[in-house]
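Undergrad: Input: one structure, supplied below.
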Amino acid sequence: MPNYTTFSVLFFVRKHHNETKKLFIYARVTVDGKRSEISLKRSISVNHWDVSKGRARGTAPKARSLNQYLDQVYTKFLDCHKLLSSENKVISAQSIKARFYGNDEHQKTLLELMSYHNSHMKNVLKPGTMKNYRTTETYLKEFLKNKMNCNDINIKQIKDQTILLGSSKIMHII
């Protein structure tokens, strides 16, 4: 018998203690009665928020833009719920929030990948080939530090793009 959960998303506003005319917008995810709230880092004036609909009032461009953003957030929550369900993972308000922020699984980095490869292949590949891989790792660290201004890069941040290495070498990352 399938295990069903209740799931809902609600947009609501709160007043900030210093602001009297501005409301800050939040999303509340509820799964089986357990809540998790997320600040959407957006604000709206008191007159322009419709409490019953959980949306901005009116047809002004600013209200339409905000409502489109809220629809996108809602869709992203639905996608998070659907993906967790399809992966047979525990569905809770916290797990949906973690998936929404991308914190639910460890993100691998490029240097972790290189290190993993070099440590697991040292007994398989010949010493000359391993020397080439270690040299590549050294150049990659130098490239990240000097050209990308970071120590490491998340694998998911690498898109299908061409990165120029030196004057004549081109590396294609997929």
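Residues in the structure tokens are named by chain (A, B, ... in the order shown) and by number from 1 within that chain; ligands are numbered from 1 in the order shown.
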For region 16-18 of chain A, find every residue with an atom within 12 Å (counting only C-alpha atoms), except residues of its own chain fewer than 4 positions away, and show them as a list in words.

TA: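 After dropping sequence-adjacent residues, the list is Lys22, Leu23, Phe24, Ile25, Ser43, Ile44, Ser45 and Val46 of chain A.
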
Undergrad: At a cut-off of 12 Å, using only C-alpha atoms, what residues contact Ser52 (chain A)? Leave out same-chain residues fewer than 6 positions from it and give the result as a list in words.

TA: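 Answer for this query is Leu10, Phe11, Phe12 and Val13 of chain A.
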
Undergrad: With N, CA and C atoms retained, could you export that selection as a PDB file, in the first residue's frame?

TA:
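Final file, out-v2.pdb:
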ATOM      1  N   LEU A  10       2.161  27.713   0.979  1.00  0.00           N
ATOM      2  CA  LEU A  10       1.408  28.921   1.275  1.00  0.00           C
ATOM      3  C   LEU A  10       2.354  30.105   1.257  1.00  0.00           C
ATOM      4  N   PHE A  11       1.931  31.178   0.612  1.00  0.00           N
ATOM      5  CA  PHE A  11       2.699  32.412   0.637  1.00  0.00           C
ATOM      6  C   PHE A  11       2.034  33.356   1.627  1.00  0.00           C
ATOM      7  N   PHE A  12       2.836  33.933   2.502  1.00  0.00           N
ATOM      8  CA  PHE A  12       2.293  34.858   3.496  1.00  0.00           C
ATOM      9  C   PHE A  12       3.302  35.971   3.750  1.00  0.00           C
ATOM     10  N   VAL A  13       2.859  36.983   4.482  1.00  0.00           N
ATOM     11  CA  VAL A  13       3.715  38.137   4.747  1.00  0.00           C
ATOM     12  C   VAL A  13       3.846  38.364   6.246  1.00  0.00           C
TER      13      VAL A  13
END

Undergrad: Using only C-alpha atoms, which residues sit within 10 Å of Thr136 (chain A) once same-chain residues fewer than 6 positions away are excluded, as JSON, numbers by chain?

TA: {"A": [114, 130, 142]}

Undergrad: Out of region 49-93 of chain A, which residues get strand (DSSP E or B) from DSSP, as a ChimeraX atom specification?

TA: /A:49-50,55-56

Undergrad: Hey, can you spit out that residue selection with all heavy atoms as a compact mmCIF listing (two decimals), in the first residue's frame?

TA:
# COMPACT_ATOMS: atom_id res chain seq x y z
N TRP A 49 -0.88 43.79 -0.97
CA TRP A 49 -0.89 42.35 -0.71
C TRP A 49 -2.31 41.88 -0.45
O TRP A 49 -3.02 42.44 0.37
CB TRP A 49 -0.01 42.00 0.48
CG TRP A 49 0.08 40.53 0.73
CD1 TRP A 49 -0.55 39.83 1.70
CD2 TRP A 49 0.82 39.57 -0.03
NE1 TRP A 49 -0.25 38.49 1.60
CE2 TRP A 49 0.60 38.30 0.54
CE3 TRP A 49 1.64 39.66 -1.14
CZ2 TRP A 49 1.18 37.14 0.05
CZ3 TRP A 49 2.22 38.51 -1.63
CH2 TRP A 49 1.99 37.27 -1.04
N ASP A 50 -2.73 40.82 -1.16
CA ASP A 50 -4.03 40.20 -0.96
C ASP A 50 -3.84 38.97 -0.08
O ASP A 50 -3.31 37.96 -0.54
CB ASP A 50 -4.65 39.82 -2.31
CG ASP A 50 -6.09 39.36 -2.20
OD1 ASP A 50 -6.53 39.06 -1.07
OD2 ASP A 50 -6.77 39.31 -3.23
N ARG A 55 -1.15 36.59 -2.83
CA ARG A 55 -0.54 37.16 -4.03
C ARG A 55 -0.60 38.68 -3.97
O ARG A 55 -1.33 39.26 -3.16
CB ARG A 55 -1.30 36.72 -5.30
CG ARG A 55 -1.25 35.23 -5.58
CD ARG A 55 0.06 34.90 -6.28
NE ARG A 55 0.07 33.56 -6.81
CZ ARG A 55 0.58 32.53 -6.19
NH1 ARG A 55 1.08 32.66 -5.00
NH2 ARG A 55 0.61 31.34 -6.75
N ALA A 56 0.12 39.32 -4.88
CA ALA A 56 0.07 40.78 -4.98
C ALA A 56 -1.23 41.18 -5.66
O ALA A 56 -1.74 40.49 -6.53
CB ALA A 56 1.26 41.28 -5.79

Undergrad: So which bits of region 78-110 of chain A end up alpha helix (DSSP H) when you DSSP the backbone, as a VMD selection string?

TA: chain A and resid 78 to 86 93 to 101 110

Undergrad: Point out the residue among A:Thr109, A:Gly54, A:Thr75, A:Lys15 with the least atom-to-atom distance to Lys141 (chain A), counting only C-alpha atoms.

TA: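 Distance minimum relative to Lys141 (chain A) lands on A:Thr109.
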
Undergrad: Calculate how many Å separate CA of Arg134 (chain A) from CA of Ser119 (chain A), rounding to one decimal.

TA: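 Here the two named atoms are 10.2 Å from each other.
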
Undergrad: What's the 12 Å shell around Ala93 (chain A), counting only C-alpha atoms, without same-chain residues fewer than 6 positions away, as a list in words?

TA: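 Neighbouring residues, sequence-local ones excluded: Thr5, Thr6, Phe7, Ser8, Val9, Ala27, Arg28, Val29, Thr30, Val31, Asp32, Gly33, Lys34, Arg35, Ser36, Glu37, Ile38, Phe77, Cys80, His81, Leu84, Arg99 and Phe100 of chain A.
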
Undergrad: Write the residues you've just listed into a file as a short mmCIF file (atom, residue, chain, number, x, y, z; two decimals), in the first residue's frame, and include C-alpha atoms for each of them.

TA:
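Everything below was put into again-v4.cif:
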data_model
loop_
_atom_site.label_atom_id
_atom_site.label_comp_id
_atom_site.auth_asym_id
_atom_site.auth_seq_id
_atom_site.Cartn_x
_atom_site.Cartn_y
_atom_site.Cartn_z
CA THR A 5 1.69 12.51 2.46
CA THR A 6 -0.16 15.79 2.57
CA PHE A 7 1.72 18.63 0.94
CA SER A 8 0.92 22.33 0.62
CA VAL A 9 2.65 25.62 -0.11
CA ALA A 27 6.72 30.67 1.75
CA ARG A 28 5.51 27.98 4.13
CA VAL A 29 5.82 24.34 3.10
CA THR A 30 3.67 21.93 5.08
CA VAL A 31 4.03 18.16 4.89
CA ASP A 32 1.87 16.01 7.16
CA GLY A 33 1.27 18.95 9.50
CA LYS A 34 4.98 19.80 9.91
CA ARG A 35 5.98 23.25 8.68
CA SER A 36 9.06 24.84 7.26
CA GLU A 37 9.27 28.51 6.36
CA ILE A 38 11.48 30.19 3.81
CA PHE A 77 8.43 23.39 -4.65
CA CYS A 80 11.17 19.24 -5.37
CA HIS A 81 8.30 17.18 -3.96
CA LEU A 84 11.92 13.36 -3.76
CA ARG A 99 16.09 20.30 -2.02
CA PHE A 100 14.77 23.80 -2.82
#

Undergrad: What is the distance between CA of Val51 (chain A) and CA of Thr20 (chain A), in Å to one decimal?

TA: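 Taking CA of Val51 (chain A) as the start and CA of Thr20 (chain A) as the end point, the length is 16.7 Å.
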
Undergrad: Restricting the calculation to only C-alpha atoms: of A:Gly102, A:Leu66, A:Leu110, A:Gly58, which residue gets closest to Cys150 (chain A)?

TA: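 The shortest atom-to-atom distance to Cys150 (chain A) comes from A:Leu110.
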
Undergrad: Can you work out which one of A:Ser39, A:Thr59, A:Leu111, A:Tyr116 has the shortest atom-to-atom distance to Asn151 (chain A), counting only C-alpha atoms?

TA: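 Looking at the shortest contact to Asn151 (chain A), the residue is A:Leu111.
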
Undergrad: Would you work out the distance separating CA of Leu144 (chain A) from CA of Leu125 (chain A), expressed in Å to one decimal?

TA: 25.9 Å

Undergrad: Would you mind telling me which residue in A:Leu40, A:Leu113, A:Ala63, A:Ile91 lies nearest to Glu137 (chain A) when using only C-alpha atoms?

TA: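 The shortest atom-to-atom distance to Glu137 (chain A) comes from A:Leu113.
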